[in-house]
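The structure appears right after this line, and notes come after that.
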Amino acid sequence: MRPGNPEALSAPYDPSRIEPARYPFWEERGVFQPRAGDGKNPFVIAIPPPNVTGSLTMGHLLGESIRDCIIRWQRMEGRETLYIPGMDHAGIATQNVVEKKLKDENRTRHDLGREGFVAEVWKWKEQYGGLIFKQERRLGTSPDWSRERFTLDEGYSHAVLHVFKTLYDEGLVYRGRYIVNWCPRCQTALSDEEVDHRTTQGSLWYIRYPIKDSDKHVVVATTRPETMLGDTGVAVSPRDTRYKKLVGRMAVLPLVRREIPIVADPMVDPKFGTGAVKVTPAHDPNDFETGKRHGLPELVIMDEAGVMNENAGDFRGLDRFDARKRIVAALQDAGYLEKVEPYENSVGHCSRCHTVIEPYLSWQWFVKMAPLAAPAIEAARKGRVKMFPARWKKVYLNWLENIRDWCISRQLWWGHRIPVWYRGDEVVVSLGPPEGEGWRQDEDVLDTWFSSWLWPFATLGWPEKTPDLERFYPNSLMVTGSDIIFFWVARMIMAGYHFMGEAPFAHVYFTSIVRDAQGRKMSKSLRNSPDPLEMIGKYGADAVRFTMIQTPTGQDLLFDEKRLETGKFFANKMWNATKLVLMRLGGEDLSSVRESQLTLTLADRWILSRLANATKDVTRNLKTYRFAEAAQAIYHFAWNEYCDWYLEMAKPRWALAEKDEAMTPQERVDLRTARWVSWKVLDGILRLLHPFMPHVTEELWQAIPHDGETLAMAAWPRAKKAWFDAAVEREVGFLQEVVVAVRNLRAEQKIAPGRTVPVVVRGTEAQLELLGRLEGQILPLARIESLTLARDGARPAVAASAVVQGAEVFLPLAGLVDLDEERARLAREAEKLLTDLEGVKKKLRNQDFLGKARPEIVEKERARLAQLEETLEKLRKAQESLSVKTD
RNA sequence: GGGCGAUUAGCUCAGCUGGUAGAGCACUUGCUCGACAAGCAAGGGGUCACUGGUUCAAGUCCAGUAUCGCCCACCA
């Protein structure tokens, strides 16, 4: 065993001094690499790959704190652990960043050409990408950096293209011309999940469409009047008698004078608007379907930038929103506009740049999802994949059960280029260019999520059968935000089943969403996210981790910087407690000490029992992902039990070392026992706390006597059965109550803190015997000058008193006790007791309660009644004695 | 339109199988006793959103209401 080093803690606790040095310390010792463990299954977590453009946010801090806590815990449990790091190439996001940079240089990606631009992005990536991981090291997380992956690195890209080809060959990837979500600013198609719907105050325009060969007209209502230029029909409900005779006739499109048929279609809700709908097959997904059913032409009137095209006649060249204004004006001028109503509806926006989405007719690639969803649905239903908190299962299932095909082609340059080759009418799907001349590769790239859905196995070398894949798939746990449950979690599960034949992980833990104090989501644009590195600098990584991990499970976290103090103060407390213990160990060699050679006092047995309980609690709560409870358990034990009580009770025993005369043999054993127990429990605390606060615990552990090189690889404590001792806990509980009662009396009587007081206790033989056993350790706790144990003795003449578990505690201070004060206090006490007593009596008078409640509950109430009556009786006597004396 | 969550001390939140309401911060009072003022000790503070139900017993289970928040939905 390595001896302690008190020097190490001579300076005050300063996280920014100790934390940075710990990272290389762990790395040099290979702590983060998996190492074959005890034969148990390995424990594997893959990081949700942050965008290559990303920087550390409070949200990451939360997820990383949790992931690393579990990984470190499992590592200490002896499991072979792997935490897989990596980044996402983030197609649109990254392309946008680099395009913006080009724009600042007055260039566009088109100036560079495709190859040049992609080279530029790679250059950017090398220079600025992955900042997040440089920052993250400061948090002390423990991924195996030697296994870091990037979704666009060579092997991973191969996996992505391989998946595309496989799905194509299976008929699950297809190309088609459909209405897709189109961002006119990014100029690419998007999946449904990449569209944010926002409730928007708009208008409903009622437009008259004249009926051909008639002086009548039909009125249609629309939220998007500009699309009328692309109308190729008018639809009414087949059940709508109002319009029955119009079906089959032609309407004349205002401004354009195109004749369009009036058709009957069940899509129309006769109760909405006028019951007649304009049909614009090229600009609305509903209308697209309607158009198909009636063979209506698909007339595209905008280009990919949302600018009206040659089919827009006079409005050509106008932006879609300008066109809307001009068309409405023109309709009004020509008398076609019947009315305008304010109307609230939901408008899709690009989740990347917030531009209003345009439904756009174009050729795109899709994945047929229903067959992939089936096993993923079953996995959740059968519990093969469990979600925490469980309610997310419903959300997940609801999405999968109503799943729609996934548009995976993106009109971008940064990403995996679609491995499809065209030559005339020939189409070949192939990872490389086909043999022969004249092949042209598809211009589009794949959705970023089409690569990240493979993350749990593509990071391990799939499709090669690598040893890593063999050993570390499936992963154990996924920890991520519920905001990407559809984007990512559901799709990973689908991909896991389809390509690996089993779920990618057994458990999914969804973290909270971090919001600001007003409840707004943290975002760059709002600038309401504190700088994580600044927080770490100010409070220390340990404090940040400890605080973040205590977020309410499954609820949003309203982040308040003030809360970080708790963690910092706690670390400081542990620093100082360790310093104290270390000094008092006096360099004693503990390596050869065995528990059986020691004489454990009541206090020792108590703290060991409490340690066993804390160990059990922390472990149980980690197992069930109740991080806040786990953190609370160790916090409370370390601070309120070990520091506040045990260390205080150990002080007089440690002081034996400074005795002038020689120690007796018993004293020597007692000293050694106090040293060993205080060290042993501290060691246990540091171990239990390490996953939450790795730096300070490692620092402190290195300073105290320890075995092994690093706490990060030390064994997780086990709750020793022999240490649990409920009887001892009750006994010490009584002693604590006595101490608190004396302190309380002192405070109430405003006795100077420096002054010691005599105390008389009347109680049962057992109670007095207990007090006697720990007398030496209790006296200083309440600054007691002398403790008189009086079994049947008379009550002191003039005293302040309290009742503790039936025992009477007296502060006999004639002349010093403020009698009025004391009488008032006793009266208050008695009143409180009386209220409680009434409650209990009422309960015990209730025949239903006596008859139906569990017997042990009734017994408990009876005992409580007795206790209350006894206490009250003693308070009354105290009151009497005071009134007699003063008369 | 559907679904989910929240409502407990001034603030942020615990309260897991129903059985005397908890923590941190904030607040009050008192403390330079050789670990720690980032601390110690003692306190004050809650009709657990509302209404009804189940039960001997409800913060906890059920139903409804209100307010706030989130998600989903081809609401012209």
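In the structure tokens, chains take the letters A, B, ... in the order shown, each chain's residues start at 1, and ligands count up from 1 in the order shown.
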
ask   = Any idea what's packed within 10 Å of A14 (chain B), counting only C-alpha atoms (C1' of nucleotides), ignoring anything in its chain fewer than 2 positions away? Could you give it as an MDAnalysis selection string?
value = (chainID A and resid 552 628:629 632) or (chainID B and resid 8 22:23)

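All residues of protein, DNA or RNA that reach within 10 Å of U12 (chain B), judged by only C-alpha atoms (C1' of nucleotides) and not counting those fewer than 6 positions away in the chain, are Ala517, Leu557, Leu558, Phe559, Asp560, Lys562 and Arg563 of chain A; G24 and C25 of chain B.
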
Restricting the output to C-alpha atoms (C1' of nucleotides), write the selected residues as a compact mmCIF listing (two decimals), in the first residue's frame.
# COMPACT_ATOMS: atom_id res chain seq x y z
CA ALA A 517 -34.02 30.23 -16.20
CA LEU A 557 -33.86 21.41 -16.58
CA LEU A 558 -34.05 25.10 -15.89
CA PHE A 559 -30.40 25.85 -15.58
CA ASP A 560 -29.32 28.20 -12.85
CA LYS A 562 -26.04 29.26 -8.76
CA ARG A 563 -26.60 25.55 -8.44
C1' G B 24 -30.02 22.56 -1.98
C1' C B 25 -30.18 27.70 -2.33

key: All residues 12 Å or closer to Ser881 (chain A), only C-alpha atoms (C1' of nucleotides), same chain fewer than 2 positions away omitted, as a ChimeraX atom specification   = /A:794-801,819,822-823,826,874-879,883-887

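Selected on chain A by distance to chain B: Thr222, Val277, Asn286, Phe569, Lys573, Asn576, Ala577, Lys579, Leu580, Asn744, Ala747, Asp848, Phe849, Lys852 and Ala853 of chain A (within 6 Å, counting only C-alpha atoms (C1' of nucleotides)).
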
inquiry  = Just want the 9 Å neighbourhood of Trp182 (chain A), counted on only C-alpha atoms (C1' of nucleotides), with same-chain residues fewer than 3 positions away dropped. Output as a count of residues only.
reply    = 16

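Using only C-alpha atoms (C1' of nucleotides), the smallest distance between any of B:A63, B:C48, B:A58, B:A37 and A21 (chain B) comes from B:C48.
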
Residues of region 509-756 of chain A in strand (DSSP E), written as a PDB file with all heavy atoms, in the first residue's frame:
ATOM      1  N   TYR A 509     -31.594   5.821 -22.376  1.00  0.00           N
ATOM      2  CA  TYR A 509     -31.900   6.785 -21.318  1.00  0.00           C
ATOM      3  C   TYR A 509     -31.992   8.164 -21.956  1.00  0.00           C
ATOM      4  O   TYR A 509     -31.046   8.619 -22.604  1.00  0.00           O
ATOM      5  CB  TYR A 509     -30.801   6.770 -20.241  1.00  0.00           C
ATOM      6  CG  TYR A 509     -31.039   7.801 -19.167  1.00  0.00           C
ATOM      7  CD1 TYR A 509     -31.880   7.520 -18.087  1.00  0.00           C
ATOM      8  CD2 TYR A 509     -30.469   9.070 -19.246  1.00  0.00           C
ATOM      9  CE1 TYR A 509     -32.123   8.470 -17.114  1.00  0.00           C
ATOM     10  CE2 TYR A 509     -30.711  10.026 -18.275  1.00  0.00           C
ATOM     11  CZ  TYR A 509     -31.546   9.725 -17.210  1.00  0.00           C
ATOM     12  OH  TYR A 509     -31.786  10.675 -16.263  1.00  0.00           O
ATOM     13  N   PHE A 510     -33.139   8.802 -21.786  1.00  0.00           N
ATOM     14  CA  PHE A 510     -33.317  10.124 -22.370  1.00  0.00           C
ATOM     15  C   PHE A 510     -33.018  11.206 -21.341  1.00  0.00           C
ATOM     16  O   PHE A 510     -33.604  11.229 -20.263  1.00  0.00           O
ATOM     17  CB  PHE A 510     -34.751  10.291 -22.885  1.00  0.00           C
ATOM     18  CG  PHE A 510     -35.028   9.471 -24.104  1.00  0.00           C
ATOM     19  CD1 PHE A 510     -35.826   8.338 -24.040  1.00  0.00           C
ATOM     20  CD2 PHE A 510     -34.482   9.812 -25.330  1.00  0.00           C
ATOM     21  CE1 PHE A 510     -36.077   7.567 -25.157  1.00  0.00           C
ATOM     22  CE2 PHE A 510     -34.721   9.050 -26.469  1.00  0.00           C
ATOM     23  CZ  PHE A 510     -35.525   7.925 -26.383  1.00  0.00           C
ATOM     24  N   THR A 511     -32.104  12.065 -21.687  1.00  0.00           N
ATOM     25  CA  THR A 511     -31.734  13.142 -20.773  1.00  0.00           C
ATOM     26  C   THR A 511     -32.749  14.276 -20.860  1.00  0.00           C
ATOM     27  O   THR A 511     -33.548  14.346 -21.783  1.00  0.00           O
ATOM     28  CB  THR A 511     -30.357  13.722 -21.118  1.00  0.00           C
ATOM     29  OG1 THR A 511     -30.403  14.234 -22.462  1.00  0.00           O
ATOM     30  CG2 THR A 511     -29.285  12.670 -21.017  1.00  0.00           C
ATOM     31  N   VAL A 514     -31.929  21.038 -21.530  1.00  0.00           N
ATOM     32  CA  VAL A 514     -31.470  22.147 -20.699  1.00  0.00           C
ATOM     33  C   VAL A 514     -32.077  23.443 -21.217  1.00  0.00           C
ATOM     34  O   VAL A 514     -31.985  23.756 -22.398  1.00  0.00           O
ATOM     35  CB  VAL A 514     -29.938  22.258 -20.702  1.00  0.00           C
ATOM     36  CG1 VAL A 514     -29.492  23.355 -19.758  1.00  0.00           C
ATOM     37  CG2 VAL A 514     -29.303  20.941 -20.315  1.00  0.00           C
ATOM     38  N   ARG A 515     -32.725  24.146 -20.335  1.00  0.00           N
ATOM     39  CA  ARG A 515     -33.323  25.431 -20.713  1.00  0.00           C
ATOM     40  C   ARG A 515     -32.755  26.528 -19.831  1.00  0.00           C
ATOM     41  O   ARG A 515     -32.136  26.255 -18.814  1.00  0.00           O
ATOM     42  CB  ARG A 515     -34.844  25.385 -20.540  1.00  0.00           C
ATOM     43  CG  ARG A 515     -35.493  24.372 -21.440  1.00  0.00           C
ATOM     44  CD  ARG A 515     -36.989  24.265 -21.194  1.00  0.00           C
ATOM     45  NE  ARG A 515     -37.543  23.244 -22.046  1.00  0.00           N
ATOM     46  CZ  ARG A 515     -37.857  23.428 -23.325  1.00  0.00           C
ATOM     47  NH1 ARG A 515     -37.720  24.608 -23.874  1.00  0.00           N
ATOM     48  NH2 ARG A 515     -38.318  22.430 -24.052  1.00  0.00           N
ATOM     49  N   LEU A 557     -34.691  20.859 -17.642  1.00  0.00           N
ATOM     50  CA  LEU A 557     -33.864  21.411 -16.581  1.00  0.00           C
ATOM     51  C   LEU A 557     -33.736  22.914 -16.785  1.00  0.00           C
ATOM     52  O   LEU A 557     -33.226  23.368 -17.806  1.00  0.00           O
ATOM     53  CB  LEU A 557     -32.478  20.772 -16.625  1.00  0.00           C
ATOM     54  CG  LEU A 557     -31.398  21.539 -15.859  1.00  0.00           C
ATOM     55  CD1 LEU A 557     -31.583  21.338 -14.369  1.00  0.00           C
ATOM     56  CD2 LEU A 557     -30.026  21.112 -16.287  1.00  0.00           C
ATOM     57  N   LEU A 558     -34.234  23.656 -15.820  1.00  0.00           N
ATOM     58  CA  LEU A 558     -34.045  25.096 -15.887  1.00  0.00           C
ATOM     59  C   LEU A 558     -32.711  25.420 -15.241  1.00  0.00           C
ATOM     60  O   LEU A 558     -32.569  25.359 -14.034  1.00  0.00           O
ATOM     61  CB  LEU A 558     -35.198  25.820 -15.171  1.00  0.00           C
ATOM     62  CG  LEU A 558     -36.404  26.164 -16.045  1.00  0.00           C
ATOM     63  CD1 LEU A 558     -36.888  24.981 -16.848  1.00  0.00           C
ATOM     64  CD2 LEU A 558     -37.535  26.714 -15.216  1.00  0.00           C
TER      65      LEU A 558
END

query = Quick one: residues within 12 Å of Ala863 (chain A), only C-alpha atoms (C1' of nucleotides) counted, chain neighbours fewer than 6 positions away excluded, as JSON, numbers by chain?
reply = {"A": [805, 806, 837, 840, 841, 844, 856, 857, 869, 870]}

query = Residues of region 692-831 of chain A in alpha helix (DSSP H) according to DSSP, as an MDAnalysis selection string?
reply = chainID A and resid 694:703 726:748 765:773 775:778 819:831

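Across the structure, CA of Asp303 (chain A) and CA of His283 (chain A) are spaced 11.4 Å apart.
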
task = Would you mind reading off the distance between CA of Gln135 (chain A) and CA of Pro24 (chain A), one decimal, in Å?
result =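 Atom-to-atom, CA of Gln135 (chain A) and CA of Pro24 (chain A) are spaced 14.3 Å apart.
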